[in-house]
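So this block is start02.pdb, PDB, C-alpha atoms:
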```pdb
ATOM      1  CA  MET A   1      67.111  62.718  61.098
ATOM      2  CA  ILE A   2      68.826  62.407  64.461
ATOM      3  CA  ILE A   3      68.997  65.733  66.265
ATOM      4  CA  ASN A   4      71.819  66.321  68.679
ATOM      5  CA  GLU A   5      70.307  68.343  71.534
ATOM      6  CA  LEU A   6      73.596  70.036  72.399
ATOM      7  CA  LYS A   7      74.059  71.142  68.789
ATOM      8  CA  VAL A   8      70.584  72.714  68.685
ATOM      9  CA  ILE A   9      71.196  74.538  71.949
ATOM     10  CA  HIS A  10      74.676  75.667  70.865
ATOM     11  CA  ILE A  11      73.419  77.055  67.538
ATOM     12  CA  PHE A  12      70.482  78.807  69.197
ATOM     13  CA  ILE A  13      72.619  80.425  71.897
ATOM     14  CA  GLU A  14      75.107  81.602  69.290
ATOM     15  CA  MET A  15      72.298  83.069  67.151
ATOM     16  CA  ASP A  16      70.519  84.672  70.112
ATOM     17  CA  ASP A  17      73.704  86.321  71.373
ATOM     18  CA  PHE A  18      74.456  87.596  67.873
ATOM     19  CA  VAL A  19      70.938  89.005  67.344
ATOM     20  CA  SER A  20      70.826  90.696  70.756
ATOM     21  CA  THR A  21      74.248  92.287  70.154
ATOM     22  CA  CYS A  22      73.150  93.539  66.735
ATOM     23  CA  GLU A  23      69.911  94.963  68.141
ATOM     24  CA  LYS A  24      71.817  96.811  70.881
ATOM     25  CA  PHE A  25      74.200  98.287  68.339
ATOM     26  CA  VAL A  26      71.654  99.123  65.611
ATOM     27  CA  GLY A  27      68.724  99.921  67.912
ATOM     28  CA  SER A  28      70.305 103.133  69.165
ATOM     29  CA  LYS A  29      70.820 104.374  65.603
ATOM     30  CA  LEU A  30      67.285 103.796  64.273
ATOM     31  CA  ILE A  31      64.782 106.604  63.969
ATOM     32  CA  GLY A  32      61.603 105.891  65.914
ATOM     33  CA  SER A  33      60.861 102.805  67.932
ATOM     34  CA  PRO A  34      58.820  99.683  67.310
ATOM     35  CA  SER A  35      55.212  99.776  68.436
ATOM     36  CA  PRO A  36      54.619  98.077  71.806
ATOM     37  CA  HIS A  37      51.247  96.775  70.581
ATOM     38  CA  ALA A  38      52.105  95.317  67.183
ATOM     39  CA  VAL A  39      49.171  93.482  65.630
ATOM     40  CA  ASN A  40      50.987  90.912  63.508
ATOM     41  CA  GLU A  41      53.930  90.214  65.775
ATOM     42  CA  PRO A  42      54.975  86.575  65.272
ATOM     43  CA  GLY A  43      55.321  84.155  68.173
ATOM     44  CA  ILE A  44      58.729  83.030  66.928
ATOM     45  CA  THR A  45      61.790  85.218  67.448
ATOM     46  CA  VAL A  46      64.337  86.213  64.815
ATOM     47  CA  SER A  47      67.030  84.126  66.488
ATOM     48  CA  GLU A  48      64.759  81.057  66.434
ATOM     49  CA  MET A  49      64.065  81.600  62.739
ATOM     50  CA  MET A  50      67.779  81.952  62.011
ATOM     51  CA  CYS A  51      68.474  78.775  64.004
ATOM     52  CA  ILE A  52      65.874  76.824  61.982
ATOM     53  CA  GLU A  53      67.310  78.173  58.753
ATOM     54  CA  LEU A  54      70.890  77.282  59.691
ATOM     55  CA  MET A  55      69.896  73.811  60.879
ATOM     56  CA  TYR A  56      68.147  73.190  57.554
ATOM     57  CA  HIS A  57      71.371  73.905  55.701
ATOM     58  CA  LEU A  58      73.287  71.610  58.036
ATOM     59  CA  SER A  59      70.684  68.819  57.776
ATOM     60  CA  GLY A  60      71.251  67.712  54.195
ATOM     61  CA  TYR A  61      67.593  68.043  53.178
ATOM     62  CA  LYS A  62      67.046  69.294  49.629
ATOM     63  CA  CYS A  63      63.540  70.752  50.071
ATOM     64  CA  PHE A  64      62.956  73.365  52.775
ATOM     65  CA  GLN A  65      59.191  72.852  52.761
ATOM     66  CA  TYR A  66      59.521  69.134  53.434
ATOM     67  CA  TYR A  67      62.156  69.771  56.132
ATOM     68  CA  TYR A  68      60.055  72.395  57.871
ATOM     69  CA  GLN A  69      56.807  70.409  57.822
ATOM     70  CA  GLN A  70      58.343  67.060  58.795
ATOM     71  CA  VAL A  71      61.096  68.076  61.206
ATOM     72  CA  VAL A  72      60.069  71.448  62.677
ATOM     73  CA  GLU A  73      56.258  71.261  62.719
ATOM     74  CA  LYS A  74      55.718  67.535  63.376
ATOM     75  CA  GLY A  75      59.126  66.097  64.158
ATOM     76  CA  SER A  76      62.001  66.241  66.566
ATOM     77  CA  LEU A  77      62.477  70.032  66.549
ATOM     78  CA  ARG A  78      58.888  70.696  67.706
ATOM     79  CA  ILE A  79      59.927  70.555  71.368
ATOM     80  CA  TYR A  80      62.635  73.194  70.759
ATOM     81  CA  PHE A  81      60.389  75.547  68.761
ATOM     82  CA  PRO A  82      56.862  75.178  70.198
ATOM     83  CA  LYS A  83      55.667  78.534  68.813
ATOM     84  CA  ALA A  84      56.865  77.856  65.272
ATOM     85  CA  PRO A  85      54.223  79.055  62.803
ATOM     86  CA  CYS A  86      52.937  77.068  59.855
ATOM     87  CA  TYR A  87      55.157  76.783  56.791
ATOM     88  CA  ASN A  88      53.400  79.537  54.790
ATOM     89  CA  ARG A  89      53.705  82.058  57.633
ATOM     90  CA  PHE A  90      57.365  81.143  58.160
ATOM     91  CA  VAL A  91      58.083  81.807  54.489
ATOM     92  CA  GLN A  92      56.351  85.205  54.822
ATOM     93  CA  LEU A  93      58.572  86.026  57.805
ATOM     94  CA  LYS A  94      61.853  84.908  56.189
ATOM     95  CA  PRO A  95      62.727  88.327  54.667
ATOM     96  CA  ARG A  96      63.108  89.661  58.227
ATOM     97  CA  ILE A  97      66.149  87.475  58.811
ATOM     98  CA  LEU A  98      67.994  88.110  55.527
ATOM     99  CA  PRO A  99      70.128  91.103  56.631
ATOM    100  CA  LEU A 100      71.028  89.495  59.943
ATOM    101  CA  MET A 101      71.787  86.148  58.309
ATOM    102  CA  ILE A 102      74.135  87.767  55.787
ATOM    103  CA  PHE A 103      75.828  89.744  58.549
ATOM    104  CA  TYR A 104      76.098  86.593  60.685
ATOM    105  CA  LEU A 105      77.652  84.607  57.840
ATOM    106  CA  GLN A 106      80.134  87.428  57.208
ATOM    107  CA  CYS A 107      81.165  87.773  60.850
ATOM    108  CA  CYS A 108      80.858  84.396  62.523
ATOM    109  CA  ARG A 109      80.503  81.516  60.104
ATOM    110  CA  LEU A 110      83.314  81.942  57.652
ATOM    111  CA  GLY A 111      84.742  78.634  56.483
ATOM    112  CA  TRP A 112      88.211  77.223  56.852
ATOM    113  CA  HIS A 113      90.778  78.758  54.481
ATOM    114  CA  CYS A 114      92.242  75.764  52.666
ATOM    115  CA  GLY A 115      93.607  77.288  49.460
ATOM    116  CA  LEU A 116      91.024  75.787  47.066
ATOM    117  CA  TYR A 117      87.975  77.973  46.438
ATOM    118  CA  TYR A 118      84.980  78.037  44.124
ATOM    119  CA  ALA A 119      83.280  81.287  43.172
ATOM    120  CA  ASP A 120      79.957  81.874  41.461
ATOM    121  CA  SER A 121      77.519  84.700  40.962
ATOM    122  CA  THR A 122      73.870  85.025  40.098
ATOM    123  CA  SER A 123      71.689  87.945  39.171
ATOM    124  CA  ILE A 124      68.734  88.998  41.285
ATOM    125  CA  ALA A 125      66.443  90.898  38.948
ATOM    126  CA  VAL A 126      63.947  93.295  40.528
ATOM    127  CA  CYS A 127      61.829  93.858  37.412
ATOM    128  CA  ARG A 128      61.638  92.963  33.740
ATOM    129  CA  ASN A 129      63.815  94.902  31.322
ATOM    130  CA  ARG A 130      60.785  96.579  29.704
ATOM    131  CA  ARG A 131      59.751  98.117  33.025
ATOM    132  CA  ILE A 132      63.112  99.603  34.032
ATOM    133  CA  GLN A 133      62.115 103.184  33.164
ATOM    134  CA  SER A 134      58.898 103.038  35.219
ATOM    135  CA  HIS A 135      60.337 101.052  38.143
ATOM    136  CA  LYS A 136      60.415 103.218  41.300
ATOM    137  CA  VAL A 137      60.971 100.911  44.270
ATOM    138  CA  PHE A 138      64.700 100.280  43.755
ATOM    139  CA  PHE A 139      65.434 103.541  41.931
ATOM    140  CA  GLY A 140      69.000 104.622  42.716
ATOM    141  CA  LYS A 141      69.829 101.336  44.433
ATOM    142  CA  ALA A 142      69.544  98.692  41.719
ATOM    143  CA  MET A 143      71.784  98.733  38.655
ATOM    144  CA  ARG A 144      71.800  97.401  35.138
ATOM    145  CA  GLY A 145      74.071  94.458  34.659
ATOM    146  CA  LYS A 146      74.881  91.678  32.259
ATOM    147  CA  THR A 147      75.241  87.953  32.723
ATOM    148  CA  SER A 148      75.960  85.203  30.249
ATOM    149  CA  THR A 149      72.214  84.884  29.664
ATOM    150  CA  GLY A 150      71.528  88.574  29.021
ATOM    151  CA  TRP A 151      70.850  91.946  30.601
ATOM    152  CA  PHE A 152      69.016  92.475  33.890
ATOM    153  CA  TYR A 153      68.074  95.278  36.297
ATOM    154  CA  GLY A 154      68.827  94.540  39.953
ATOM    155  CA  CYS A 155      71.872  93.326  41.834
ATOM    156  CA  LYS A 156      74.330  90.453  41.753
ATOM    157  CA  LEU A 157      75.025  87.938  44.488
ATOM    158  CA  PHE A 158      78.613  86.690  44.669
ATOM    159  CA  LEU A 159      79.475  83.609  46.712
ATOM    160  CA  VAL A 160      82.862  82.016  47.401
ATOM    161  CA  VAL A 161      83.053  78.571  49.031
ATOM    162  CA  ASN A 162      85.983  76.341  49.948
ATOM    163  CA  ALA A 163      86.509  72.714  48.925
ATOM    164  CA  PHE A 164      84.324  71.544  51.845
ATOM    165  CA  GLY A 165      81.326  73.671  50.813
ATOM    166  CA  GLU A 166      81.778  76.188  53.639
ATOM    167  CA  ILE A 167      81.038  79.823  52.832
ATOM    168  CA  ILE A 168      84.136  81.998  52.686
ATOM    169  CA  LYS A 169      82.661  85.254  51.372
ATOM    170  CA  VAL A 170      79.201  86.597  50.431
ATOM    171  CA  MET A 171      78.725  89.910  48.668
ATOM    172  CA  PHE A 172      75.873  91.811  47.027
ATOM    173  CA  THR A 173      76.450  94.546  44.481
ATOM    174  CA  GLY A 174      74.073  97.460  44.396
ATOM    175  CA  LEU A 175      71.785  96.537  47.300
ATOM    176  CA  ILE A 176      73.964  96.582  50.412
ATOM    177  CA  LEU A 177      72.471  99.870  51.599
ATOM    178  CA  LEU A 178      69.010  98.643  50.702
ATOM    179  CA  ILE A 179      69.343  95.535  52.890
ATOM    180  CA  ILE A 180      70.428  97.611  55.863
ATOM    181  CA  THR A 181      67.634 100.132  55.236
ATOM    182  CA  PHE A 182      64.844  97.546  55.065
ATOM    183  CA  SER A 183      66.027  95.431  58.001
ATOM    184  CA  ARG A 184      63.299  96.762  60.302
TER
END
```
Represent the structure contained in this file as structure tokens.
Amino acid sequence: MIINELKVIHIFIEMDDFVSTCEKFVGSKLIGSPSPHAVNEPGITVSEMMCIELMYHLSGYKCFQYYYQQVVEKGSLRIYFPKAPCYNRFVQLKPRILPLMIFYLQCCRLGWHCGLYYADSTSIAVCRNRRIQSHKVFFGKAMRGKTSTGWFYGCKLFLVVNAFGEIIKVMFTGLILLIITFSR
């Protein structure tokens, strides 16, 4: 894969500006502060992780693991992300970027409105149906719902894309407050 250096820099600057603006806005509203001596603090920043994730989706690769190991760890992106962790650690860190990535897609990366759209939804189950009564983690936040394949307990992800495959709208039902709550 040929990497355009200006594109990498442009995407990273856009992500870094977005993350720093969000941290300024949200940081003043959080209770408590992060520990200055965190033990498991990763060497890679949130904006770098978001940049890698966005570049994967722009690259055309079908397997993230192969992309990360061949392009980020050993390939042409190694010089841009020298502190990138191994693949397993990166996958462990990915939940940290989910709220910011959704917010970024909603605010900055909406596709071109062309008049032809495709919509789809999928369920994100948080537990099996038998365990709904004893499930306590998402109590009050997750909901019961139904898809064409049956009932589930969790939330639904709705996605609308245009004819070019660009995201127009992303929406979660039931877990919006949960994503904002667990962002730190």
(request) Run the PyMOL selection byres ((chain A and resi 150) around 12) against the file shown and list the residues it catches, as a list in words. (result) Thr122, Ser123, Ala125, Arg128, Asn129, Arg144, Gly145, Lys146, Thr147, Ser148, Thr149, Trp151, Phe152 and Tyr153 of chain A
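Using all atoms listed in the file, the nearest neighbour of A:Tyr118 within the list A:Met143, A:Leu98, A:Ile11, A:Leu159 is A:Leu159.
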(message) Show me, as number ranges by chain, the residues that have an atom within 6 Å of stretch 78-84 of chain A when counting all atoms listed in the file, minus same-chain residues fewer than 4 positions from it.
(response) A: 43-44, 72-73
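Comparing the minimum interatomic distances between A:Phe90 and each of A:Pro42, A:Val71, A:Ile13, A:Glu23, counting all atoms listed in the file, we find that A:Pro42 sits nearest.
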Give me the residues near stretch 14-19 of chain A as a compact mmCIF listing (two decimals) with C-alpha atoms, in the frame of the given file, where near means some atom within 9 Å (using only C-alpha atoms) and where sequence neighbours in that chain fewer than 6 positions away do not count.
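What ended up in result31.txt:
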```txt
# COMPACT_ATOMS: atom_id res chain seq x y z
CA VAL A 46 64.34 86.21 64.82
CA SER A 47 67.03 84.13 66.49
CA GLU A 48 64.76 81.06 66.43
CA MET A 50 67.78 81.95 62.01
CA CYS A 51 68.47 78.78 64.00
CA LEU A 100 71.03 89.50 59.94
CA TYR A 104 76.10 86.59 60.68
CA CYS A 108 80.86 84.40 62.52
```
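Near stretch 56-66 of chain A, within 12 Å and counting all atoms listed in the file, sit Met1, Ile2, Ile3, Asn4, Lys7, Val8, Ile11, Met49, Met50, Cys51, Val71, Val72, Glu73, Lys74, Gly75, Leu77, Cys86, Tyr87, Asn88, Arg89, Phe90, Val91, Gly165, Glu166 and Ile167 of chain A, not including residues fewer than 5 positions from it in the same chain.
Relative to atom CA of A:Gln106, atom CA of A:Lys169 is found at 6.7 Å.
You can rank A:Gly154, A:Tyr67, A:Asn40, A:Val26 by their closest distance to A:Gln92 using all atoms listed in the file, and at the top of that list sits A:Asn40.
You can rank A:Val170, A:Ile132, A:Val160, A:Met101 by their closest distance to A:Leu116 using only C-alpha atoms, and at the top of that list sits A:Val160.
Using all atoms listed in the file for every distance, the candidate list A:Phe103, A:Val137, A:Tyr117, A:Arg131 yields A:Phe103 as the residue closest to A:Thr21.
Atom CA of A:Ala119 to atom CA of A:Ala142 spans 22.2 Å [interatomic distance, one decimal].
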(message) One decimal, in Å: what's the spacing between atom CA of A:Ser121 and atom CA of A:Arg96?
(response) 23.0 Å
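Ranking A:Arg130, A:Gln70, A:Glu53, A:Ser76 by their shortest atom-to-atom distance to A:Ile97, with all atoms listed in the file included, puts A:Glu53 first.
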(request) Name the residues, using the chain letters and numbers of the file, that sit within 9 Å of (80.9, 90.2, 40.3) when counting all atoms listed in the file, and give them as a ChimeraX atom specification. (result) /A:120-122,156-158,171-173
